[in-house]
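K.L.:
Handing you a structure now.
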Amino acid sequence: MQGLKSSPSHTLGQPNSRAPLEVKENLSWKDLQITRDFRLLLAAMGLNSLPLGYTLVVLPIYLNEIGFSAAIIGAVSSVSAIANTIGLVPFALAADKYGRKHFVFWGFLSATLAHILFAFTRDLNLLLLASAIGGVGLAGGFSAAVWTPAWTALLAEKTSPEKRTRAFAWGQGIWTIALTAGSGMGVLPAFFRSSFKTTSLASFQYTFLIFAGLAVLSGLILLPISEGKPFSPQSKPQTSKFFPEKSLRQISRFSLTLGLVGLASGIALQLLSLWFKKMYGVNEAVLSPWFAAAEITSLVVVPIAPRLTRTLGSPMSVLTTQGLSAVLLGSMVLAPTYQLAGIIYIIRNFFMNISWPVQQSYLMGTVTADERASASAITSTIWGIGSSVGPIFAGYLLNGTDYASISAPLLLGSAIYLASAIAFYYLFRRKPPPEEVKARFSTEIA
């Protein structure tokens, strides 16, 4: 993940039995602190995610132009996903045990090293190292493995069950803004060259150094955030099992559907800018506005996602939105111009970005609270396995020059996205999250 349409102090505060403050008659100090922490979590995540949009658009085309093949570019993306996959589970388990804030903080700061490496080298080995640490495009690398599960659980901690889908929709919205701004920042190297007469290499160096500074700032923003005490041995049973026991069945099923999403995104999206170049002969300067528009348009999911789940329920909402997005993705190969393909991609992103916060919220609502970070990490690990394999296949296919080879990544990705949506519906249609059961019960009584 993506002005606020509604004040978080009204939508995300939790009631407290203590005396209210004079500032708001019905707003307690705890409400205010949760509102502040929620905003800080979103702001820090947004700043740290800016490079993902930039590298998603610029890096595949840039590496291709300096001589790397599509297969090598796919390997660079895969290394990022592999590093993310290896780190997710152990860091999530540690975050559940020792506290989540520290892992979010150090995960954000670790991206600084990756941006510095990207700034000062074109050596393949060092580029692979930078990819492994900081991530490329949708694959977050080692840095995201440290912070993502802890951040997800911390965000869930800062809102009530009834408001959780809305909270994750806001998270998706801020992530969308970050990807949009990052995609738009693809014009910065050209701006530096034209305005400051820098060399081509220096123009890219300056951009990555900006990202390094923002990574440091994102960590500093987290410092005022409060956190509940980590779960103690008295609050949960001791276990020697590696995986959480109470929610293992639910986590296993969710891992299947999310693993398919990871495979689909790795095949179809990680090298999408290179697909546009191969199919239509356009460069990153042309593509940046289209990628940005595809992300910024998806901000409307913030009010839509919770309303949709109240109407259809989470499983049917995912089947509808992700299914439509899959069909649109496959239809892009039929577009005669890059402009039409870009319009279809924008509409596809709209539907997929509704589905994503619904799935995140569903998982957080159907596992026990003390296993949320672990659940997020385990399912994200399976996503990462698929995501790490996907770019290798995409790079191999994009090495071809015929229409069938170039079209194959999007067609395969479309089919896998659709399979994931169908599986989600059939696996979870009889297990709604507690807040949907409560809402349904209230409606029946009324």
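Naming scheme: A, B, ... for chains in displayed order of the structure tokens; residues 1 onward per chain; ligands 1 onward as shown.
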Report as a Markdown table: every residue of region 105-184 of chain A with an atom at most 9 Å from region 254-275 of chain A, its closest pair of atoms, and their distance in Å to one decimal, counting only C-alpha atoms, with rows sorted by chain and ascending residue number.
P.N.:
```
| residue | atom | partner | partner_atom | distance |
| --- | --- | --- | --- | --- |
| A:Val136 | CA | A:Gln270 | CA | 8.3 |
| A:Gly137 | CA | A:Gln270 | CA | 6.3 |
| A:Leu138 | CA | A:Gln270 | CA | 6.6 |
| A:Ala139 | CA | A:Gln270 | CA | 8.1 |
```
K.L.:
Nearest residue to Ser49 (chain A) out of A:Ile116, A:Ala94, A:Ile174, A:Ile61, using only C-alpha atoms?
P.N.:
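Of the candidates, the smallest distance to Ser49 (chain A) is held by A:Ile174.
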K.L.:
Looking only at helix (DSSP H, G or I) from DSSP on the backbone, list the matching residues of region 136-277 of chain A as a ChimeraX atom specification.
P.N.:
/A:141-157,161-196,200-221,248-268,272-277
K.L.:
Export C-alpha atoms of the chosen residues as a compact mmCIF listing (two decimals), in the first residue's frame?
P.N.:
```txt
# COMPACT_ATOMS: atom_id res chain seq x y z
CA GLY A 141 13.35 -6.95 0.48
CA PHE A 142 14.87 -7.58 3.90
CA SER A 143 13.82 -4.15 5.15
CA ALA A 144 10.12 -4.86 4.62
CA ALA A 145 10.51 -8.30 6.21
CA VAL A 146 11.56 -6.57 9.41
CA TRP A 147 8.78 -3.95 9.54
CA THR A 148 5.73 -5.23 7.62
CA PRO A 149 4.29 -7.85 10.03
CA ALA A 150 5.01 -5.69 13.07
CA TRP A 151 3.49 -2.61 11.40
CA THR A 152 0.37 -4.56 10.36
CA ALA A 153 -0.19 -5.86 13.88
CA LEU A 154 0.53 -2.45 15.41
CA LEU A 155 -2.02 -0.83 13.09
CA ALA A 156 -4.63 -3.41 14.12
CA GLU A 157 -3.81 -2.63 17.76
CA PRO A 161 -12.63 -4.44 15.45
CA GLU A 162 -15.57 -2.50 13.99
CA LYS A 163 -13.23 0.06 12.40
CA ARG A 164 -10.44 -2.31 11.38
CA THR A 165 -11.41 -2.65 7.71
CA ARG A 166 -11.60 1.14 7.46
CA ALA A 167 -8.16 1.39 9.12
CA PHE A 168 -6.61 -1.00 6.61
CA ALA A 169 -8.36 0.85 3.79
CA TRP A 170 -6.63 4.03 5.00
CA GLY A 171 -3.39 2.09 5.08
CA GLN A 172 -3.99 1.00 1.50
CA GLY A 173 -4.78 4.59 0.59
CA ILE A 174 -1.55 5.93 2.06
CA TRP A 175 0.41 3.16 0.38
CA THR A 176 -1.27 4.17 -2.87
CA ILE A 177 -0.22 7.79 -2.35
CA ALA A 178 3.35 6.62 -1.75
CA LEU A 179 3.39 4.51 -4.91
CA THR A 180 1.85 7.39 -6.84
CA ALA A 181 4.40 9.91 -5.61
CA GLY A 182 7.23 7.42 -6.10
CA SER A 183 6.11 6.71 -9.65
CA GLY A 184 5.92 10.43 -10.31
CA MET A 185 9.43 10.84 -8.97
CA GLY A 186 10.59 8.89 -12.00
CA VAL A 187 10.91 12.27 -13.72
CA LEU A 188 13.46 13.51 -11.14
CA PRO A 189 16.60 12.26 -12.93
CA ALA A 190 15.53 14.05 -16.12
CA PHE A 191 14.73 17.15 -14.04
CA PHE A 192 18.20 17.14 -12.48
CA ARG A 193 19.83 16.74 -15.89
CA SER A 194 17.84 19.53 -17.52
CA SER A 195 17.76 22.01 -14.65
CA PHE A 196 21.16 21.44 -13.01
CA SER A 200 23.12 10.84 -16.18
CA LEU A 201 24.70 8.87 -13.35
CA ALA A 202 24.59 11.82 -10.93
CA SER A 203 20.91 12.42 -11.68
CA PHE A 204 20.06 8.92 -10.47
CA GLN A 205 22.41 9.25 -7.49
CA TYR A 206 20.67 12.39 -6.23
CA THR A 207 17.28 10.68 -6.43
CA PHE A 208 18.39 7.67 -4.39
CA LEU A 209 20.05 9.90 -1.81
CA ILE A 210 16.70 11.67 -1.37
CA PHE A 211 15.14 8.28 -0.69
CA ALA A 212 17.86 7.50 1.85
CA GLY A 213 17.04 10.69 3.74
CA LEU A 214 13.32 9.89 3.70
CA ALA A 215 14.02 6.42 5.11
CA VAL A 216 15.76 8.01 8.09
CA LEU A 217 12.88 10.46 8.54
CA SER A 218 10.31 7.65 8.48
CA GLY A 219 12.08 5.99 11.39
CA LEU A 220 12.21 9.18 13.41
CA ILE A 221 8.47 9.74 12.97
CA LEU A 248 -2.88 -22.43 12.14
CA ARG A 249 -5.77 -23.75 10.03
CA GLN A 250 -6.93 -20.25 9.11
CA ILE A 251 -3.38 -19.10 8.39
CA SER A 252 -2.72 -22.13 6.17
CA ARG A 253 -5.81 -21.49 4.06
CA PHE A 254 -5.10 -17.79 3.75
CA SER A 255 -1.50 -18.58 2.76
CA LEU A 256 -2.76 -20.53 -0.24
CA THR A 257 -4.80 -17.67 -1.62
CA LEU A 258 -2.15 -15.06 -0.86
CA GLY A 259 0.59 -17.23 -2.35
CA LEU A 260 -1.29 -17.25 -5.63
CA VAL A 261 -1.57 -13.44 -5.46
CA GLY A 262 2.20 -13.25 -4.94
CA LEU A 263 2.90 -15.48 -7.92
CA ALA A 264 0.52 -13.47 -10.10
CA SER A 265 2.03 -10.14 -9.09
CA GLY A 266 5.57 -11.41 -9.65
CA ILE A 267 4.74 -12.60 -13.15
CA ALA A 268 2.50 -9.74 -14.30
CA LEU A 272 5.24 -4.33 -16.12
CA SER A 273 7.13 -1.20 -17.18
CA LEU A 274 9.44 -3.41 -19.24
CA TRP A 275 6.35 -5.04 -20.78
CA PHE A 276 5.12 -1.59 -21.84
CA LYS A 277 8.53 -0.84 -23.37
```
K.L.:
My list of candidates is A:Thr198, A:Thr379, A:Ser314, A:Thr112. Which is closest to Ser131 (chain A) when distances are computed with only C-alpha atoms?
P.N.:
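Using only C-alpha atoms, Ser131 (chain A) sits closest to A:Thr112.
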K.L.:
Pick from A:Leu411, A:Val301, A:Leu127, A:Ile392: nearest to Ala70 (chain A), with only C-alpha atoms counted?
P.N.:
A:Ile392
K.L.:
Here is a test: counting only C-alpha atoms, which residue of A:Ala326, A:Leu312, A:Ile343, A:Ala404 is nearest to Thr297 (chain A)?
P.N.:
A:Ile343
K.L.:
Hey, can you check how far CA of Met316 (chain A) sits from CA of Ala421 (chain A)?
P.N.:
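Atom-to-atom, CA of Met316 (chain A) and CA of Ala421 (chain A) are spaced 9.0 Å apart.
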K.L.:
Which polymer residues have any atom within 10 Å of an atom of region 321-325 of chain A, counting only C-alpha atoms, with same-chain residues fewer than 4 positions away left out, as a list in words?
P.N.:
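Near neighbours after the sequence-gap exclusion: Val261, Leu308, Met316, Ser317, Leu329, Gly330, Ser331, Ile344, Tyr345, Ile346, Ile347, Arg348, Asn349, Phe350, Phe351, Met352, Asn353, Ile354, Ser355, Trp356, Ser414, Ala415, Tyr417, Leu418, Ala419, Ser420, Ala421 and Ile422 of chain A.
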K.L.:
Can you write just those residues out, C-alpha atoms, as an mmCIF file, in the first residue's frame?
P.N.:
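In the end it all went to part_28.cif:
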```cif
data_model
loop_
_atom_site.group_PDB
_atom_site.id
_atom_site.type_symbol
_atom_site.label_atom_id
_atom_site.label_comp_id
_atom_site.auth_asym_id
_atom_site.auth_seq_id
_atom_site.Cartn_x
_atom_site.Cartn_y
_atom_site.Cartn_z
ATOM 1 C CA VAL A 261 -1.574 -13.443 -5.457
ATOM 2 C CA LEU A 308 -18.679 -3.353 0.356
ATOM 3 C CA MET A 316 -17.796 -12.228 -1.902
ATOM 4 C CA SER A 317 -16.134 -8.797 -1.931
ATOM 5 C CA LEU A 329 -5.280 -7.374 -16.519
ATOM 6 C CA GLY A 330 -5.534 -10.066 -19.181
ATOM 7 C CA SER A 331 -7.350 -7.743 -21.563
ATOM 8 C CA ILE A 344 -7.282 -0.511 -18.504
ATOM 9 C CA TYR A 345 -4.445 -0.760 -15.973
ATOM 10 C CA ILE A 346 -5.889 2.161 -14.016
ATOM 11 C CA ILE A 347 -9.301 0.485 -13.793
ATOM 12 C CA ARG A 348 -7.663 -2.828 -12.890
ATOM 13 C CA ASN A 349 -5.788 -1.191 -10.013
ATOM 14 C CA PHE A 350 -9.007 0.319 -8.697
ATOM 15 C CA PHE A 351 -10.625 -3.080 -8.228
ATOM 16 C CA MET A 352 -7.511 -4.809 -6.900
ATOM 17 C CA ASN A 353 -6.908 -2.087 -4.351
ATOM 18 C CA ILE A 354 -10.407 -2.634 -2.965
ATOM 19 C CA SER A 355 -9.677 -6.335 -2.531
ATOM 20 C CA TRP A 356 -6.362 -5.935 -0.727
ATOM 21 C CA SER A 414 -4.538 -12.815 -14.904
ATOM 22 C CA ALA A 415 -5.393 -16.525 -14.675
ATOM 23 C CA TYR A 417 -5.269 -13.823 -9.827
ATOM 24 C CA LEU A 418 -8.655 -15.242 -10.820
ATOM 25 C CA ALA A 419 -7.844 -18.639 -9.293
ATOM 26 C CA SER A 420 -6.884 -16.926 -6.028
ATOM 27 C CA ALA A 421 -10.161 -14.977 -5.887
ATOM 28 C CA ILE A 422 -12.232 -18.105 -6.439
#
```
K.L.:
Quick one: residues within 7 Å of Gly384 (chain A), only C-alpha atoms counted, chain neighbours fewer than 2 positions away excluded, as a ChimeraX atom specification?
P.N.:
/A:81-82,84-85,262,380-382,386-388
K.L.:
Excluding Pro315 (chain A) and residues on its chain fewer than 3 positions from it, collect all residues at most 8 Å away from it, counting only C-alpha atoms, and give them as a PyMOL selection string.
P.N.:
chain A and resi 312+318-319+424-426+428-429+432
